[in-house]
file work-v1.pdb (PDB, C-alpha atoms)
ATOM      1  CA  MET J  15     -94.645  71.086  94.095
ATOM      2  CA  THR J  16     -95.030  74.817  94.790
ATOM      3  CA  ASN J  17     -95.771  75.611  91.140
ATOM      4  CA  ALA J  18     -98.188  72.692  90.913
ATOM      5  CA  ILE J  19    -100.120  73.760  93.996
ATOM      6  CA  GLU J  20    -100.360  77.322  92.734
ATOM      7  CA  ALA J  21    -101.896  76.083  89.473
ATOM      8  CA  ALA J  22    -104.156  73.444  91.077
ATOM      9  CA  ARG J  23    -107.894  74.026  91.228
ATOM     10  CA  LEU J  24    -109.281  70.596  92.173
ATOM     11  CA  ILE J  25    -108.489  67.287  93.838
ATOM     12  CA  GLY J  26    -110.305  64.407  92.164
ATOM     13  CA  LEU J  27    -110.590  61.005  93.831
ATOM     14  CA  ASP J  28    -111.388  57.711  92.152
ATOM     15  CA  TRP J  29    -112.045  55.635  95.279
ATOM     16  CA  GLY J  30    -112.813  52.019  94.536
ATOM     17  CA  THR J  31    -113.148  48.687  96.280
ATOM     18  CA  THR J  32    -109.493  47.697  96.520
ATOM     19  CA  HIS J  33    -107.630  50.856  95.514
ATOM     20  CA  ALA J  34    -108.026  54.634  95.662
ATOM     21  CA  ARG J  35    -106.329  57.218  93.472
ATOM     22  CA  SER J  36    -106.195  60.965  93.929
ATOM     23  CA  TYR J  37    -105.408  63.505  91.227
ATOM     24  CA  LEU J  38    -104.238  67.093  91.568
ATOM     25  CA  LEU J  39    -105.831  68.914  88.640
ATOM     26  CA  ALA J  40    -105.589  72.264  86.881
ATOM     27  CA  PRO J  41    -107.452  73.720  83.886
ATOM     28  CA  GLY J  42    -106.178  72.650  80.498
ATOM     29  CA  THR J  43    -107.020  72.915  76.812
ATOM     30  CA  GLY J  44    -109.699  70.340  76.020
ATOM     31  CA  ALA J  45    -108.948  68.341  79.167
ATOM     32  CA  PRO J  46    -107.714  69.074  82.693
ATOM     33  CA  ARG J  47    -103.982  68.958  83.392
ATOM     34  CA  LEU J  48    -102.783  66.277  85.779
ATOM     35  CA  LEU J  49    -100.227  67.901  88.081
ATOM     36  CA  ASP J  50     -99.667  65.088  90.573
ATOM     37  CA  GLN J  51    -101.268  61.881  91.808
ATOM     38  CA  ARG J  52    -101.345  59.535  94.788
ATOM     39  CA  ALA J  53    -102.522  55.976  95.497
ATOM     40  CA  GLY J  54    -104.093  54.523  98.625
ATOM     41  CA  ASP J  55    -106.374  51.835 100.002
ATOM     42  CA  GLY J  56    -109.862  51.084  98.784
ATOM     43  CA  ILE J  57    -113.003  50.786 100.865
ATOM     44  CA  LEU J  58    -112.390  47.120 101.724
ATOM     45  CA  SER J  59    -109.554  48.176 104.018
ATOM     46  CA  VAL J  60    -112.162  49.652 106.391
ATOM     47  CA  SER J  61    -114.094  47.006 108.312
ATOM     48  CA  PRO J  62    -117.873  47.430 108.425
ATOM     49  CA  ASP J  63    -117.554  46.719 112.154
ATOM     50  CA  ASP J  64    -115.035  49.492 112.765
ATOM     51  CA  PRO J  65    -116.413  51.585 115.666
ATOM     52  CA  ASP J  66    -115.058  54.787 114.092
ATOM     53  CA  ARG J  67    -115.371  54.425 110.348
ATOM     54  CA  ASP J  68    -115.072  58.188 109.834
ATOM     55  CA  ALA J  69    -111.617  58.115 111.407
ATOM     56  CA  ALA J  70    -110.595  55.117 109.302
ATOM     57  CA  PHE J  71    -111.674  56.776 106.050
ATOM     58  CA  ASN J  72    -110.076  60.060 107.086
ATOM     59  CA  ALA J  73    -106.814  58.174 107.609
ATOM     60  CA  ILE J  74    -106.928  56.915 104.030
ATOM     61  CA  LEU J  75    -107.860  60.369 102.766
ATOM     62  CA  ARG J  76    -104.854  61.771 104.601
ATOM     63  CA  THR J  77    -102.506  59.590 102.529
ATOM     64  CA  LEU J  78    -104.220  60.806  99.365
ATOM     65  CA  VAL J  79    -104.512  64.565  99.853
ATOM     66  CA  ALA J  80    -102.789  65.790 103.038
ATOM     67  CA  ASP J  81     -99.701  67.387 101.484
ATOM     68  CA  TRP J  82    -101.766  69.152  98.818
ATOM     69  CA  GLN J  83    -104.303  70.429 101.332
ATOM     70  CA  GLN J  84    -101.575  71.599 103.698
ATOM     71  CA  ALA J  85     -99.956  73.565 100.881
ATOM     72  CA  SER J  86    -103.280  74.968  99.658
ATOM     73  CA  PRO J  87    -105.940  74.736 102.397
ATOM     74  CA  GLY J  88    -109.508  74.522 101.178
ATOM     75  CA  LEU J  89    -108.689  73.150  97.729
ATOM     76  CA  PRO J  90    -112.029  71.677  96.532
ATOM     77  CA  MET J  91    -112.358  67.923  96.290
ATOM     78  CA  ILE J  92    -114.706  65.545  94.474
ATOM     79  CA  ALA J  93    -114.917  61.740  94.527
ATOM     80  CA  CYS J  94    -116.445  58.929  92.516
ATOM     81  CA  GLY J  95    -116.632  55.182  92.907
ATOM     82  CA  MET J  96    -117.391  52.684  95.650
ATOM     83  CA  VAL J  97    -116.618  55.234  98.366
ATOM     84  CA  GLY J  98    -120.254  56.191  97.767
ATOM     85  CA  ALA J  99    -121.594  52.628  98.030
ATOM     86  CA  ALA J 100    -123.484  51.248 101.016
ATOM     87  CA  GLN J 101    -120.183  49.704 102.187
ATOM     88  CA  GLY J 102    -118.272  52.947 101.592
ATOM     89  CA  TRP J 103    -117.764  56.113 103.594
ATOM     90  CA  ARG J 104    -121.233  57.476 102.926
ATOM     91  CA  GLU J 105    -123.894  56.023 100.655
ATOM     92  CA  ALA J 106    -124.416  58.417  97.765
ATOM     93  CA  SER J 107    -127.697  58.660  95.947
ATOM     94  CA  TYR J 108    -128.578  57.039  92.627
ATOM     95  CA  ARG J 109    -129.910  58.874  89.618
ATOM     96  CA  SER J 110    -132.559  57.333  87.371
ATOM     97  CA  LEU J 111    -132.504  56.919  83.604
ATOM     98  CA  PRO J 112    -132.254  58.892  81.441
ATOM     99  CA  THR J 113    -129.758  61.150  83.173
ATOM    100  CA  PRO J 114    -127.288  63.840  82.109
ATOM    101  CA  LEU J 115    -123.716  62.749  82.712
ATOM    102  CA  ALA J 116    -122.382  66.052  84.019
ATOM    103  CA  GLY J 117    -123.717  68.386  86.668
ATOM    104  CA  ASP J 118    -124.260  68.142  90.376
ATOM    105  CA  GLY J 119    -126.268  64.953  89.899
ATOM    106  CA  GLY J 120    -127.541  64.882  93.471
ATOM    107  CA  MET J 121    -124.109  64.591  95.043
ATOM    108  CA  THR J 122    -123.764  63.427  98.639
ATOM    109  CA  THR J 123    -121.277  65.414 100.728
ATOM    110  CA  VAL J 124    -119.094  63.982 103.484
ATOM    111  CA  ASP J 125    -117.498  66.239 106.088
ATOM    112  CA  THR J 126    -113.825  65.262 106.290
ATOM    113  CA  ASP J 127    -110.725  66.430 108.125
ATOM    114  CA  PHE J 128    -109.889  68.389 104.958
ATOM    115  CA  GLY J 129    -113.262  69.939 104.260
ATOM    116  CA  ALA J 130    -116.290  68.903 102.241
ATOM    117  CA  LEU J 131    -115.996  65.894  99.942
ATOM    118  CA  PRO J 132    -118.863  65.659  97.433
ATOM    119  CA  ILE J 133    -119.405  62.117  96.136
ATOM    120  CA  ILE J 134    -120.835  61.759  92.638
ATOM    121  CA  ALA J 135    -124.173  59.924  92.476
ATOM    122  CA  GLY J 136    -124.403  56.541  90.783
ATOM    123  CA  VAL J 137    -127.145  55.503  88.364
ATOM    124  CA  LYS J 138    -129.739  52.762  88.700
ATOM    125  CA  LYS J 139    -132.608  51.313  86.723
ATOM    126  CA  SER J 140    -135.462  48.975  87.592
ATOM    127  CA  ARG J 141    -136.763  47.836  84.187
ATOM    128  CA  PRO J 142    -136.593  45.616  82.277
ATOM    129  CA  ASN J 143    -134.055  44.369  84.840
ATOM    130  CA  ALA J 144    -132.601  46.059  87.899
ATOM    131  CA  ASP J 145    -129.048  47.301  87.394
ATOM    132  CA  VAL J 146    -126.662  49.831  88.926
ATOM    133  CA  ILE J 147    -123.572  51.853  88.024
ATOM    134  CA  ARG J 148    -121.190  53.273  90.615
ATOM    135  CA  GLY J 149    -118.081  55.002  89.253
ATOM    136  CA  GLU J 150    -118.495  54.301  85.561
ATOM    137  CA  GLU J 151    -120.889  57.252  85.253
ATOM    138  CA  THR J 152    -117.891  59.517  85.856
ATOM    139  CA  GLN J 153    -115.864  57.843  83.110
ATOM    140  CA  LEU J 154    -118.821  58.299  80.790
ATOM    141  CA  ALA J 155    -119.022  61.979  81.732
ATOM    142  CA  GLY J 156    -115.377  62.370  80.772
ATOM    143  CA  LEU J 157    -115.951  60.621  77.468
ATOM    144  CA  VAL J 158    -118.941  62.716  76.355
ATOM    145  CA  PRO J 159    -116.943  65.432  74.490
ATOM    146  CA  GLU J 160    -115.328  62.689  72.396
ATOM    147  CA  LEU J 161    -118.644  61.239  71.200
ATOM    148  CA  ALA J 162    -120.504  62.110  68.014
ATOM    149  CA  ALA J 163    -123.326  64.613  68.510
ATOM    150  CA  GLY J 164    -126.817  63.554  67.518
ATOM    151  CA  ARG J 165    -126.045  59.835  67.559
ATOM    152  CA  THR J 166    -126.355  57.107  70.149
ATOM    153  CA  THR J 167    -122.940  55.668  71.002
ATOM    154  CA  LEU J 168    -122.488  52.273  72.598
ATOM    155  CA  VAL J 169    -119.775  52.527  75.256
ATOM    156  CA  VAL J 170    -118.344  49.212  76.441
ATOM    157  CA  MET J 171    -116.414  49.289  79.714
ATOM    158  CA  PRO J 172    -114.721  45.902  80.265
ATOM    159  CA  GLY J 173    -113.821  44.810  83.763
ATOM    160  CA  THR J 174    -114.960  42.611  86.612
ATOM    161  CA  HIS J 175    -118.488  43.781  85.850
ATOM    162  CA  THR J 176    -118.526  45.009  82.262
ATOM    163  CA  LYS J 177    -120.897  47.863  81.458
ATOM    164  CA  TRP J 178    -122.617  48.315  78.106
ATOM    165  CA  ALA J 179    -123.901  51.901  78.098
ATOM    166  CA  GLN J 180    -125.867  53.843  75.503
ATOM    167  CA  VAL J 181    -125.092  57.573  75.459
ATOM    168  CA  ARG J 182    -126.535  60.329  73.287
ATOM    169  CA  ASP J 183    -125.765  64.051  73.482
ATOM    170  CA  GLY J 184    -124.370  63.808  76.993
ATOM    171  CA  VAL J 185    -127.271  61.761  78.370
ATOM    172  CA  LEU J 186    -127.032  58.176  79.620
ATOM    173  CA  LEU J 187    -130.029  56.443  78.048
ATOM    174  CA  ASP J 188    -129.554  52.850  79.173
ATOM    175  CA  PHE J 189    -126.958  50.368  80.386
ATOM    176  CA  ASP J 190    -126.536  46.690  81.197
ATOM    177  CA  THR J 191    -123.932  44.834  83.241
ATOM    178  CA  ALA J 192    -122.217  41.550  82.367
ATOM    179  CA  MET J 193    -120.220  39.865  85.137
ATOM    180  CA  SER J 194    -117.895  38.159  82.654
ATOM    181  CA  GLY J 195    -114.758  39.327  84.465
ATOM    182  CA  GLU J 196    -115.893  37.860  87.766
ATOM    183  CA  LEU J 197    -117.004  34.633  86.074
ATOM    184  CA  PHE J 198    -113.589  34.385  84.433
ATOM    185  CA  ALA J 199    -111.875  34.584  87.816
ATOM    186  CA  LEU J 200    -114.159  31.893  89.220
ATOM    187  CA  LEU J 201    -113.806  29.526  86.270
ATOM    188  CA  ALA J 202    -110.084  30.059  85.709
ATOM    189  CA  ASP J 203    -108.981  30.007  89.334
ATOM    190  CA  ARG J 204    -111.591  28.102  91.321
ATOM    191  CA  SER J 205    -113.217  25.502  89.079
ATOM    192  CA  MET J 206    -112.464  22.068  87.646
ATOM    193  CA  VAL J 207    -112.358  23.721  84.225
ATOM    194  CA  GLY J 208    -109.503  25.967  85.312
ATOM    195  CA  ARG J 209    -107.700  23.097  87.011
ATOM    196  CA  ALA J 210    -107.386  21.405  83.633
ATOM    197  CA  GLY J 211    -105.173  24.263  82.515
ATOM    198  CA  ALA J 212    -101.461  24.926  82.696
ATOM    199  CA  PRO J 213     -99.364  28.104  82.556
ATOM    200  CA  PRO J 214     -99.006  29.618  79.055
ATOM    201  CA  GLU J 215     -95.990  28.552  77.036
ATOM    202  CA  PRO J 216     -93.264  31.215  76.576
ATOM    203  CA  GLY J 217     -94.255  33.522  73.730
ATOM    204  CA  GLN J 218     -97.673  31.923  73.390
ATOM    205  CA  ASP J 219    -100.147  33.966  71.315
ATOM    206  CA  TRP J 220    -103.280  34.580  73.397
ATOM    207  CA  ARG J 221    -105.377  34.802  70.254
ATOM    208  CA  THR J 222    -105.153  31.063  69.540
ATOM    209  CA  GLY J 223    -106.915  29.932  72.709
ATOM    210  CA  PHE J 224    -109.163  32.998  72.723
ATOM    211  CA  ASP J 225    -110.388  32.225  69.208
ATOM    212  CA  TRP J 226    -111.035  28.621  70.268
ATOM    213  CA  GLY J 227    -113.370  30.007  72.932
ATOM    214  CA  LEU J 228    -114.953  32.485  70.498
ATOM    215  CA  ASP J 229    -115.750  29.616  68.133
ATOM    216  CA  ARG J 230    -117.887  28.046  70.859
ATOM    217  CA  ALA J 231    -119.565  31.211  72.109
ATOM    218  CA  GLY J 232    -123.100  32.328  71.441
ATOM    219  CA  HIS J 233    -124.331  29.132  69.819
ATOM    220  CA  THR J 234    -127.087  26.745  70.924
ATOM    221  CA  ASP J 235    -125.225  25.362  73.942
ATOM    222  CA  ALA J 236    -125.884  27.206  77.176
ATOM    223  CA  LEU J 237    -122.787  28.691  78.789
ATOM    224  CA  ALA J 238    -122.841  26.102  81.576
ATOM    225  CA  PHE J 239    -122.533  23.303  78.999
ATOM    226  CA  ALA J 240    -120.019  25.103  76.792
ATOM    227  CA  ALA J 241    -117.695  25.828  79.718
ATOM    228  CA  PHE J 242    -117.297  22.155  80.582
ATOM    229  CA  VAL J 243    -116.311  21.396  76.972
ATOM    230  CA  ILE J 244    -113.072  23.283  77.684
ATOM    231  CA  ARG J 245    -112.103  20.749  80.348
ATOM    232  CA  SER J 246    -113.221  17.792  78.226
ATOM    233  CA  SER J 247    -111.276  19.071  75.225
ATOM    234  CA  VAL J 248    -108.054  19.158  77.262
ATOM    235  CA  LEU J 249    -108.636  15.572  78.414
ATOM    236  CA  ASP J 250    -109.327  14.576  74.789
ATOM    237  CA  ALA J 251    -106.181  16.365  73.535
ATOM    238  CA  GLN J 252    -108.229  18.785  71.408
ATOM    239  CA  LEU J 253    -107.099  21.856  73.375
ATOM    240  CA  PRO J 254    -103.633  22.396  74.881
ATOM    241  CA  ALA J 255    -103.760  22.889  78.639
ATOM    242  CA  SER J 256    -101.698  26.058  78.211
ATOM    243  CA  GLN J 257    -104.592  27.652  76.288
ATOM    244  CA  VAL J 258    -107.317  27.014  78.854
ATOM    245  CA  ARG J 259    -107.366  30.496  80.397
ATOM    246  CA  ASP J 260    -107.549  32.176  76.996
ATOM    247  CA  ALA J 261    -110.261  29.736  75.916
ATOM    248  CA  ILE J 262    -112.324  30.605  79.008
ATOM    249  CA  SER J 263    -111.830  34.295  78.211
ATOM    250  CA  GLY J 264    -112.917  33.791  74.618
ATOM    251  CA  LEU J 265    -115.989  31.813  75.612
ATOM    252  CA  LEU J 266    -117.160  34.356  78.179
ATOM    253  CA  ILE J 267    -116.432  37.517  76.196
ATOM    254  CA  GLY J 268    -117.719  35.910  73.023
ATOM    255  CA  SER J 269    -120.977  34.903  74.720
ATOM    256  CA  GLU J 270    -121.368  38.394  76.148
ATOM    257  CA  VAL J 271    -120.839  40.061  72.762
ATOM    258  CA  ALA J 272    -123.106  37.548  71.000
ATOM    259  CA  ASP J 273    -125.897  38.377  73.440
ATOM    260  CA  ARG J 274    -125.540  42.110  72.751
ATOM    261  CA  ALA J 275    -125.421  41.483  69.003
ATOM    262  CA  ALA J 276    -128.714  39.586  69.255
ATOM    263  CA  LYS J 277    -130.382  42.398  71.206
ATOM    264  CA  LEU J 278    -128.810  45.530  69.678
ATOM    265  CA  ASP J 279    -128.087  46.628  66.126
ATOM    266  CA  LEU J 280    -124.347  46.958  66.688
ATOM    267  CA  ALA J 281    -123.691  48.093  63.123
ATOM    268  CA  SER J 282    -125.976  51.107  63.540
ATOM    269  CA  MET J 283    -124.000  52.923  66.222
ATOM    270  CA  PRO J 284    -120.419  53.923  66.997
ATOM    271  CA  ILE J 285    -118.817  51.669  69.613
ATOM    272  CA  VAL J 286    -116.199  52.954  72.050
ATOM    273  CA  LEU J 287    -114.172  50.791  74.448
ATOM    274  CA  VAL J 288    -112.974  52.137  77.800
ATOM    275  CA  GLY J 289    -110.162  50.293  79.559
ATOM    276  CA  GLY J 290    -106.684  48.830  79.338
ATOM    277  CA  ALA J 291    -105.181  47.683  76.056
ATOM    278  CA  GLU J 292    -105.062  43.967  76.902
ATOM    279  CA  LEU J 293    -108.738  43.629  77.779
ATOM    280  CA  THR J 294    -110.128  46.043  75.205
ATOM    281  CA  GLY J 295    -108.142  44.181  72.543
ATOM    282  CA  ARG J 296    -110.077  41.033  73.389
ATOM    283  CA  TYR J 297    -113.385  42.857  73.059
ATOM    284  CA  GLN J 298    -112.313  44.340  69.736
ATOM    285  CA  ARG J 299    -111.555  40.836  68.498
ATOM    286  CA  ALA J 300    -114.900  39.476  69.691
ATOM    287  CA  LEU J 301    -116.793  42.390  68.143
ATOM    288  CA  ALA J 302    -114.998  41.846  64.839
ATOM    289  CA  ARG J 303    -116.605  38.384  64.701
ATOM    290  CA  HIS J 304    -119.890  40.249  64.292
ATOM    291  CA  GLY J 305    -118.564  42.546  61.598
ATOM    292  CA  VAL J 306    -118.236  45.673  63.739
ATOM    293  CA  SER J 307    -115.259  47.688  64.913
ATOM    294  CA  ALA J 308    -114.693  49.741  68.038
ATOM    295  CA  THR J 309    -112.480  52.709  68.846
ATOM    296  CA  LEU J 310    -110.588  53.197  72.105
ATOM    297  CA  ALA J 311    -111.361  55.947  74.600
ATOM    298  CA  PRO J 312    -108.620  58.258  75.902
ATOM    299  CA  ASP J 313    -106.757  56.864  78.901
ATOM    300  CA  ASP J 314    -107.744  59.751  81.170
ATOM    301  CA  VAL J 315    -111.552  59.625  80.953
ATOM    302  CA  THR J 316    -111.908  59.283  84.737
ATOM    303  CA  ILE J 317    -109.896  62.457  85.310
ATOM    304  CA  ARG J 318    -111.893  64.246  82.634
ATOM    305  CA  GLY J 319    -115.119  63.049  84.195
ATOM    306  CA  LEU J 320    -114.154  64.211  87.674
ATOM    307  CA  TRP J 321    -113.307  67.637  86.262
ATOM    308  CA  ARG J 322    -116.517  67.935  84.202
ATOM    309  CA  SER J 323    -118.602  66.866  87.199
ATOM    310  CA  ALA J 324    -116.849  69.441  89.389
ATOM    311  CA  VAL J 325    -117.553  72.151  86.806
ATOM    312  CA  GLY J 326    -121.195  71.110  86.650
ATOM    313  CA  ALA J 327    -121.439  71.243  90.436
ATOM    314  CA  GLY J 328    -119.858  74.701  90.554
ATOM    315  CA  LEU J 329    -116.733  73.557  92.418
ATOM    316  CA  VAL J 330    -114.440  74.925  89.706
ATOM    317  CA  GLY J 331    -114.813  77.204  86.697
ATOM    318  CA  GLU J 332    -114.738  76.083  83.086
TER     319      GLU J 332
END
call {"tool": "encode", "arguments": {"input": "work-v1.pdb", "output": "C-alpha cells"}}
result
Amino acid sequence: MTNAIEAARLIGLDWGTTHARSYLLAPGTGAPRLLDQRAGDGILSVSPDDPDRDAAFNAILRTLVADWQQASPGLPMIACGMVGAAQGWREASYRSLPTPLAGDGGMTTVDTDFGALPIIAGVKKSRPNADVIRGEETQLAGLVPELAAGRTTLVVMPGTHTKWAQVRDGVLLDFDTAMSGELFALLADRSMVGRAGAPPEPGQDWRTGFDWGLDRAGHTDALAFAAFVIRSSVLDAQLPASQVRDAISGLLIGSEVADRAAKLDLASMPIVLVGGAELTGRYQRALARHGVSATLAPDDVTIRGLWRSAVGAGLVGE
C-alpha cells in the first residue's frame, strides 16, 4: 500500500444508484494505472428523508477512500454518476449538446470530510425529444482516444437504459436512450409473458431463443402485440418455456436495433459497444441482422474517463 499511495495522483469514484466504486489511480502510458479499488453503497442507501444526508454520504465515502486519504491527505478526488443526480449527494449541472467530453464541464463541487469532491456534469437535450445522460458521459470521455479521428462513431452502451451516442473528434453530438433493459426486467420477472417461462435447460444455447425473438422484432406488429406472442407461442408449443427469457431479450434488443437502423445509416459509421461480454454479445448479434458489425470498447473506459476529466479540470497533470 505504501508504494501505491506514493505513486497515486487521483481517486476516481463511479457512484451509481445501487453501487459505488472507488479507484486509486496513477499516471500510465496511454491509460491511467489502477493501483487499488474499493466498493460501497450507491445513492439508494441514503433515504431522501434522512435529516443529515451529508453525514450519510460522508459515511459511504469513508468506506471508499478513508485509508487512502489517511495515508496521503489531500489526494484529489473526482466523481461521476448518480451521486450528481437530484436524488444524489448534490445535483450536478447538465451540459447541452454538442459538448466536449473532457474538461471541467461545469463540475459541481461537494465539501466532504476528505476535502473537495468535484462531480462531473451530465448532459441533456430538449429536441427532438428530451433526454439525459448521467455517468455515461465519463465512459465516453474515456473512449475518445480509441475512436477514429474525423469520423462520427456510434457508441452503444447497453444496460438498464441503453444509450446510443454519436461522437466525433471528442465531442458528443447527439444521443438517445432506450429503456430495453428495464422493460426486460418488467416483462421477464413481473408479467404474464414472463410467467409462461421456465428456467433454462442445462447447457442451453441462449442464441436459439434470442434469435426467435429477433425474428419477430422490428416488423409491422407493435412491440405490445409482439410481446404477447411469446406467451401464446409457449401455450401453443411453438416456443419452449425454457427459452422465454432469451426470446424476450431478442424481441426487445432486436426492436431497439431495428429502430436505430431505420433512423440512422448504421453502415456509414464505426460502431463501438461499451459493456459486459454477455450483453454486448447480444447487441452484436442483433446488429449483424442488419449487416453491420461492432467492436468492443476497453473494459476500463470509466477509469480512463475519470482520469481524462480530472486532467481537463486541472486536478492532475497529463
call {"tool": "atom_distance", "arguments": {"input": "work-v1.pdb", "atom1": "atom CA of Glu20 of chain J", "atom2": "atom CA of Val124 of chain J"}}
result
25.4 Å
call {"tool": "resolve_selection", "arguments": {"input": "work-v1.pdb", "expression": "the PyMOL selection byres ((chain J and resi 70) around 12)", "output": "ChimeraX atom specification"}}
result
/J:55-69,71-77,102-103,126-127
call {"tool": "write_last_selection", "arguments": {"input": "work-v1.pdb", "atoms": "C-alpha atoms", "output": "mmCIF file, in the coordinates of the input"}}
result
data_model
loop_
_atom_site.group_PDB
_atom_site.id
_atom_site.type_symbol
_atom_site.label_atom_id
_atom_site.label_comp_id
_atom_site.auth_asym_id
_atom_site.auth_seq_id
_atom_site.Cartn_x
_atom_site.Cartn_y
_atom_site.Cartn_z
ATOM 1 C CA ASP J 55 -106.374 51.835 100.002
ATOM 2 C CA GLY J 56 -109.862 51.084 98.784
ATOM 3 C CA ILE J 57 -113.003 50.786 100.865
ATOM 4 C CA LEU J 58 -112.390 47.120 101.724
ATOM 5 C CA SER J 59 -109.554 48.176 104.018
ATOM 6 C CA VAL J 60 -112.162 49.652 106.391
ATOM 7 C CA SER J 61 -114.094 47.006 108.312
ATOM 8 C CA PRO J 62 -117.873 47.430 108.425
ATOM 9 C CA ASP J 63 -117.554 46.719 112.154
ATOM 10 C CA ASP J 64 -115.035 49.492 112.765
ATOM 11 C CA PRO J 65 -116.413 51.585 115.666
ATOM 12 C CA ASP J 66 -115.058 54.787 114.092
ATOM 13 C CA ARG J 67 -115.371 54.425 110.348
ATOM 14 C CA ASP J 68 -115.072 58.188 109.834
ATOM 15 C CA ALA J 69 -111.617 58.115 111.407
ATOM 16 C CA PHE J 71 -111.674 56.776 106.050
ATOM 17 C CA ASN J 72 -110.076 60.060 107.086
ATOM 18 C CA ALA J 73 -106.814 58.174 107.609
ATOM 19 C CA ILE J 74 -106.928 56.915 104.030
ATOM 20 C CA LEU J 75 -107.860 60.369 102.766
ATOM 21 C CA ARG J 76 -104.854 61.771 104.601
ATOM 22 C CA THR J 77 -102.506 59.590 102.529
ATOM 23 C CA GLY J 102 -118.272 52.947 101.592
ATOM 24 C CA TRP J 103 -117.764 56.113 103.594
ATOM 25 C CA THR J 126 -113.825 65.262 106.290
ATOM 26 C CA ASP J 127 -110.725 66.430 108.125
#
call {"tool": "closest_residue", "arguments": {"input": "work-v1.pdb", "among": "J:Ala99, J:Ile133, J:Val181, J:Ile267", "to": "Ala155 of chain J", "atoms": "all atoms listed in the file"}}
result
J:Val181
call {"tool": "closest_residue", "arguments": {"input": "work-v1.pdb", "among": "J:Arg230, J:Arg148, J:Arg204, J:Arg23", "to": "Cys94 of chain J", "atoms": "only C-alpha atoms"}}
result
J:Arg148
call {"tool": "resolve_selection", "arguments": {"input": "work-v1.pdb", "expression": "the PyMOL selection byres ((chain J and resi 254) around 12)", "output": "PyMOL selection string"}}
result
chain J and resi 210-215+218+222-223+226+244-253+255-261
call {"tool": "write_last_selection", "arguments": {"input": "work-v1.pdb", "atoms": "C-alpha atoms", "output": "CSV table (one decimal), in the frame of the given file"}}
result
chain,number,residue,atom,x,y,z
J,210,ALA,CA,-107.4,21.4,83.6
J,211,GLY,CA,-105.2,24.3,82.5
J,212,ALA,CA,-101.5,24.9,82.7
J,213,PRO,CA,-99.4,28.1,82.6
J,214,PRO,CA,-99.0,29.6,79.1
J,215,GLU,CA,-96.0,28.6,77.0
J,218,GLN,CA,-97.7,31.9,73.4
J,222,THR,CA,-105.2,31.1,69.5
J,223,GLY,CA,-106.9,29.9,72.7
J,226,TRP,CA,-111.0,28.6,70.3
J,244,ILE,CA,-113.1,23.3,77.7
J,245,ARG,CA,-112.1,20.7,80.3
J,246,SER,CA,-113.2,17.8,78.2
J,247,SER,CA,-111.3,19.1,75.2
J,248,VAL,CA,-108.1,19.2,77.3
J,249,LEU,CA,-108.6,15.6,78.4
J,250,ASP,CA,-109.3,14.6,74.8
J,251,ALA,CA,-106.2,16.4,73.5
J,252,GLN,CA,-108.2,18.8,71.4
J,253,LEU,CA,-107.1,21.9,73.4
J,255,ALA,CA,-103.8,22.9,78.6
J,256,SER,CA,-101.7,26.1,78.2
J,257,GLN,CA,-104.6,27.7,76.3
J,258,VAL,CA,-107.3,27.0,78.9
J,259,ARG,CA,-107.4,30.5,80.4
J,260,ASP,CA,-107.5,32.2,77.0
J,261,ALA,CA,-110.3,29.7,75.9
call {"tool": "residues_around", "arguments": {"input": "work-v1.pdb", "residues": "Thr123 of chain J", "least_positions_apart": "2", "cutoff": "7 Å", "atoms": "only C-alpha atoms", "output": "list in words"}}
result
Met121, Asp125, Ala130, Leu131, Pro132 and Ile133 of chain J
call {"tool": "resolve_selection", "arguments": {"input": "work-v1.pdb", "expression": "the PyMOL selection byres ((chain J and resi 312-315) around 10)", "output": "ChimeraX atom specification"}}
result
/J:45-46,48,150,152-158,160,287-291,309-311,316-321
call {"tool": "atom_distance", "arguments": {"input": "work-v1.pdb", "atom1": "atom CA of Thr113 of chain J", "atom2": "atom CA of Val137 of chain J"}}
result
8.1 Å
call {"tool": "atom_distance", "arguments": {"input": "work-v1.pdb", "atom1": "atom CA of Thr43 of chain J", "atom2": "atom CA of Leu89 of chain J"}}
result
21.0 Å
call {"tool": "build_atoms", "arguments": {"input": "work-v1.pdb", "residues": "segment 212-221 of chain J", "atoms": "N, CA and C atoms", "output": "mmCIF file, keeping the file's coordinate frame"}}
result
data_model
loop_
_atom_site.group_PDB
_atom_site.id
_atom_site.type_symbol
_atom_site.label_atom_id
_atom_site.label_comp_id
_atom_site.auth_asym_id
_atom_site.auth_seq_id
_atom_site.Cartn_x
_atom_site.Cartn_y
_atom_site.Cartn_z
ATOM 1 N N ALA J 212 -102.877 24.830 82.334
ATOM 2 C CA ALA J 212 -101.461 24.926 82.696
ATOM 3 C C ALA J 212 -100.987 26.317 82.327
ATOM 4 N N PRO J 213 -99.872 26.778 82.912
ATOM 5 C CA PRO J 213 -99.364 28.104 82.556
ATOM 6 C C PRO J 213 -99.100 28.226 81.059
ATOM 7 N N PRO J 214 -99.285 29.420 80.485
ATOM 8 C CA PRO J 214 -99.006 29.618 79.055
ATOM 9 C C PRO J 214 -97.551 29.292 78.724
ATOM 10 N N GLU J 215 -97.346 28.798 77.528
ATOM 11 C CA GLU J 215 -95.990 28.552 77.036
ATOM 12 C C GLU J 215 -95.303 29.888 76.764
ATOM 13 N N PRO J 216 -93.979 29.966 76.890
ATOM 14 C CA PRO J 216 -93.264 31.215 76.576
ATOM 15 C C PRO J 216 -93.582 31.689 75.151
ATOM 16 N N GLY J 217 -93.956 32.954 75.040
ATOM 17 C CA GLY J 217 -94.255 33.522 73.730
ATOM 18 C C GLY J 217 -95.576 33.084 73.134
ATOM 19 N N GLN J 218 -96.397 32.417 73.905
ATOM 20 C CA GLN J 218 -97.673 31.923 73.390
ATOM 21 C C GLN J 218 -98.586 33.075 72.984
ATOM 22 N N ASP J 219 -99.229 32.954 71.827
ATOM 23 C CA ASP J 219 -100.147 33.966 71.315
ATOM 24 C C ASP J 219 -101.523 33.741 71.952
ATOM 25 N N TRP J 220 -101.998 34.715 72.712
ATOM 26 C CA TRP J 220 -103.280 34.580 73.397
ATOM 27 C C TRP J 220 -104.444 34.379 72.440
ATOM 28 N N ARG J 221 -104.271 34.844 71.204
ATOM 29 C CA ARG J 221 -105.377 34.802 70.254
ATOM 30 C C ARG J 221 -105.777 33.383 69.865
#
